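Here's run_14.txt, which has compact mmCIF, C-alpha atoms:
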```
# COMPACT_ATOMS: atom_id res chain seq x y z
CA MET A 1 116.27 81.12 117.30
CA ALA A 2 115.36 77.97 115.43
CA ILE A 3 112.12 77.85 113.50
CA LEU A 4 110.25 74.59 113.53
CA PRO A 5 108.48 74.02 110.19
CA ALA A 6 104.75 73.39 110.29
CA CYS A 7 105.21 69.89 108.79
CA ILE A 8 107.36 68.88 111.80
CA CYS A 9 104.84 70.36 114.23
CA LYS A 10 102.07 68.47 112.45
CA GLN A 11 103.98 65.20 112.87
CA ARG A 12 104.50 65.81 116.59
CA ILE A 13 101.04 67.06 117.51
CA PRO A 14 97.96 64.81 117.62
CA ASP A 15 95.55 65.45 114.73
CA ASN A 16 92.73 66.62 116.99
CA ILE A 17 94.97 69.35 118.44
CA TRP A 18 96.54 70.29 115.08
CA ASN A 19 93.10 70.61 113.51
CA SER A 20 91.69 72.67 116.39
CA TYR A 21 94.44 75.32 116.35
CA PHE A 22 94.63 78.24 113.94
CA LYS A 23 98.06 78.16 112.33
CA PHE A 24 99.59 81.01 110.36
CA SER A 25 102.87 82.18 108.93
CA VAL A 26 104.15 85.33 107.26
CA GLU A 27 105.64 85.72 103.79
CA ARG A 28 107.27 88.75 102.22
CA ASN A 29 107.84 89.97 98.70
CA PRO A 30 111.01 88.12 97.63
CA TRP A 31 112.81 91.15 96.18
CA ASP A 32 112.14 93.28 99.24
CA LYS A 33 112.95 90.35 101.54
CA SER A 34 116.27 89.75 99.78
CA ILE A 35 117.42 93.33 100.31
CA SER A 36 116.35 93.27 103.94
CA HIS A 37 117.97 89.89 104.58
CA TYR A 38 121.19 91.08 102.95
CA TYR A 39 121.52 93.99 105.40
CA TRP A 40 120.50 91.84 108.35
CA LEU A 41 123.19 89.28 107.52
CA GLN A 42 125.82 92.02 107.30
CA HIS A 43 124.82 93.10 110.78
CA GLN A 44 124.80 89.53 112.12
CA ARG A 45 128.23 88.78 110.67
CA ASN A 46 129.55 92.23 111.56
CA THR A 47 131.09 92.60 108.11
CA GLU A 48 130.19 94.16 104.81
CA PHE A 49 129.96 92.13 101.61
CA SER A 50 128.48 92.76 98.19
CA PHE A 51 124.97 91.91 97.16
CA HIS A 52 126.57 89.64 94.57
CA GLU A 53 128.22 87.65 97.38
CA TYR A 54 124.91 87.53 99.20
CA ILE A 55 123.07 86.13 96.16
CA LYS A 56 125.79 83.51 95.58
CA ARG A 57 125.66 82.20 99.15
CA SER A 58 122.41 83.12 100.87
CA ALA A 59 118.65 83.11 100.64
CA CYS A 60 115.75 83.64 102.99
CA ILE A 61 113.25 81.09 101.76
CA ASN A 62 110.23 80.72 104.05
CA TYR A 63 108.26 78.35 101.82
CA PRO A 64 109.37 75.20 103.74
CA ILE A 65 108.11 76.72 106.99
CA TYR A 66 104.44 76.70 106.03
CA THR A 67 104.21 73.89 103.46
CA ASP A 68 104.39 70.12 103.32
CA PRO A 69 107.56 69.55 101.31
CA SER A 70 106.45 66.15 100.06
CA LYS A 71 103.30 67.59 98.49
CA GLY A 72 104.22 71.25 98.07
CA ASN A 73 100.95 72.45 99.55
CA ILE A 74 100.34 75.03 102.26
CA ILE A 75 99.50 73.31 105.55
CA VAL A 76 98.91 76.32 107.78
CA ASP A 77 95.50 77.97 107.82
CA LYS A 78 96.71 81.34 106.58
CA VAL A 79 99.86 82.91 105.17
CA LEU A 80 99.91 86.61 105.96
CA LYS A 81 101.63 89.03 103.65
CA TYR A 82 104.28 91.15 105.33
CA GLU A 83 103.33 94.07 103.05
CA GLN A 84 99.87 94.16 104.62
CA LEU A 85 100.78 92.70 108.00
CA THR A 86 98.72 95.05 110.14
CA ASP A 87 95.53 94.38 108.13
CA ASP A 88 96.16 90.63 107.97
CA LEU A 89 96.89 90.45 111.71
CA SER A 90 93.71 92.41 112.41
CA THR A 91 91.75 89.75 110.53
CA VAL A 92 93.51 86.88 112.34
CA PHE A 93 93.17 88.47 115.77
CA GLU A 94 89.49 89.22 115.15
CA LYS A 95 88.93 85.58 114.19
CA LEU A 96 90.72 84.45 117.35
CA GLY A 97 89.02 87.01 119.59
CA ILE A 98 92.28 88.74 120.48
CA PRO A 99 92.15 92.51 120.99
CA PHE A 100 94.38 94.38 118.54
CA ASP A 101 94.58 98.15 118.17
CA GLY A 102 96.43 97.95 114.86
CA VAL A 103 99.77 98.94 116.35
CA LEU A 104 102.57 96.40 116.08
CA GLY A 105 104.78 98.28 118.52
CA SER A 106 108.05 96.69 117.48
CA LYS A 107 110.43 97.17 114.61
CA ALA A 108 112.69 94.27 115.48
CA LYS A 109 115.13 94.44 112.57
CA SER A 110 114.28 97.77 110.98
CA GLN A 111 117.52 99.47 112.02
CA TYR A 112 119.71 97.11 109.96
CA ARG A 113 118.54 98.03 106.48
CA LYS A 114 120.64 100.96 105.32
CA ASP A 115 118.93 101.45 101.95
CA ARG A 116 115.30 102.37 102.69
CA ARG A 117 114.25 102.89 99.09
CA PRO A 118 111.47 100.73 97.66
CA TYR A 119 112.85 97.48 96.21
CA ARG A 120 111.88 98.41 92.63
CA GLU A 121 114.01 101.51 92.93
CA VAL A 122 116.97 99.58 94.35
CA PHE A 123 116.80 96.97 91.59
CA SER A 124 116.53 99.64 88.89
CA GLU A 125 120.22 100.47 89.35
CA ASP A 126 122.43 98.91 86.68
CA GLU A 127 124.47 96.75 89.05
CA MET A 128 121.30 95.37 90.67
CA LYS A 129 119.22 94.65 87.53
CA PRO A 130 120.71 91.17 86.92
CA TYR A 131 119.45 89.98 90.30
CA VAL A 132 115.77 90.58 89.51
CA ASP A 133 115.57 87.37 87.47
CA THR A 134 117.81 85.43 89.86
CA ILE A 135 115.47 86.21 92.74
CA ALA A 136 112.42 85.41 90.58
CA GLN A 137 113.86 81.95 89.87
CA ARG A 138 114.98 81.28 93.43
CA TYR A 139 111.62 82.25 94.93
CA LYS A 140 109.44 80.89 92.12
CA ARG A 141 107.17 78.88 94.44
CA GLU A 142 106.49 81.82 96.75
CA ILE A 143 105.86 84.13 93.81
CA GLU A 144 103.36 81.71 92.27
CA LEU A 145 101.61 80.89 95.56
CA HIS A 146 101.19 84.46 96.72
CA GLY A 147 100.95 86.38 93.46
CA TYR A 148 104.08 88.45 93.91
CA ASP A 149 105.53 90.26 90.95
CA PHE A 150 108.40 92.60 90.46
```

For this file, produce the structure as structure tokens.
Amino acid sequence: MAILPACICKQRIPDNIWNSYFKFSVERNPWDKSISHYYWLQHQRNTEFSFHEYIKRSACINYPIYTDPSKGNIIVDKVLKYEQLTDDLSTVFEKLGIPFDGVLGSKAKSQYRKDRRPYREVFSEDEMKPYVDTIAQRYKREIELHGYDF
């Protein structure tokens, strides 16, 4: 599934329509997202590889999806935090007049992550500690925009 960034949508949609729609995206804590993405990629590629290999070759950067890359500003109306997705969706759905009982009902990729420990615990292991700063640098924009910290 290809994701069309908001800036491309904005170029293709007349201003009156773009401005009348409520646009939102979802962002996730970069350290937690990196662990999850690592396991998902292993599943997708049907092979195991080290986290070191993952960090060298991959990233799951969502920032370009909800920003204008030429200005670096958020162009959607709201960026929901994955960590509080149910609460944030409740707020969005209430604003839009969509009934929501607070149950998401799907755990689309939850079966792929083998290590279910909190990300801080995972990165506290000696072999994982060096990646804390690497992820902080790679996801600097998201961390600053959304107030994430390790």

Would you mind listing, for every residue of segment 24-65 of chain A within 12 Å of segment 91-106 of chain A, the two atoms forming the shortest contact and the distance between them in Å to one decimal, using only C-alpha atoms, sorted by chain and ascending residue number, as a Markdown table?
```
| residue | atom | partner | partner_atom | distance |
| --- | --- | --- | --- | --- |
| A:Phe24 | CA | A:Val92 | CA | 8.7 |
| A:Ser25 | CA | A:Val92 | CA | 11.0 |
| A:Val26 | CA | A:Val92 | CA | 11.9 |
```

Could you give me, as JSON lines, a per-residue list for segment 47-136 of chain A showing, wherever an atom lies at most 12 Å from an atom of segment 13-20 of chain A, the closest pair of atoms and their distance in Å to one decimal, using only C-alpha atoms and sorting by chain then residue number from low to high?
```
{"residue": "A:Ile75", "atom": "CA", "partner": "A:Trp18", "partner_atom": "CA", "distance": 10.4}
{"residue": "A:Val76", "atom": "CA", "partner": "A:Trp18", "partner_atom": "CA", "distance": 9.8}
{"residue": "A:Asp77", "atom": "CA", "partner": "A:Asn19", "partner_atom": "CA", "distance": 9.6}
{"residue": "A:Leu96", "atom": "CA", "partner": "A:Ser20", "partner_atom": "CA", "distance": 11.9}
```

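Comparing the minimum interatomic distances between Asp32 of chain A and each of A:Ile65, A:Ile74, A:Val132, A:Leu89, counting only C-alpha atoms, we find that A:Val132 sits nearest.
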
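Across the structure, atom CA of Ser90 of chain A and atom CA of His37 of chain A are spaced 25.6 Å apart.
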
If you count all atoms listed in the file, which residues fall within 10 Å of Asp133 of chain A, apart from same-chain ones fewer than 6 positions away, as a PyMOL selection string?
-> chain A and resi 31+139+150

Which of A:Gln137, A:Ser70, A:Gln44, A:Ser124 sits closest to Tyr112 of chain A [using only C-alpha atoms] |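 Once distances to Tyr112 of chain A are computed over only C-alpha atoms, the minimum belongs to A:Gln44.
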
Grab all the atoms of segment 1-9 of chain A that the file lists, wrap them in a box along x, y and z, add 6 Å per side, and give me centre plus edge lengths in Å (one decimal) as AutoDock Vina command-line options.
```
--center_x 110.5 --center_y 75.0 --center_z 113.0 --size_x 23.5 --size_y 24.2 --size_z 20.5
```

A straight line from atom CA of Val79 of chain A to atom CA of Lys10 of chain A spans 16.3 Å

Fewer than 5 positions away in the same chain doesn't count, so skip those; otherwise give me all residues within 9 Å of segment 45-56 of chain A, counting all atoms listed in the file, as JSON, numbers by chain.
-> {"A": [34, 35, 38, 39, 40, 128, 131, 134, 135]}

Counting only C-alpha atoms, closest pick from A:Glu127, A:Asp88, A:Asp115, A:Glu142 relative to Asn73 of chain A is A:Glu142

What is the atom CA of Glu27 of chain A to atom CA of Lys81 of chain A distance in Å?
-> 5.2 Å
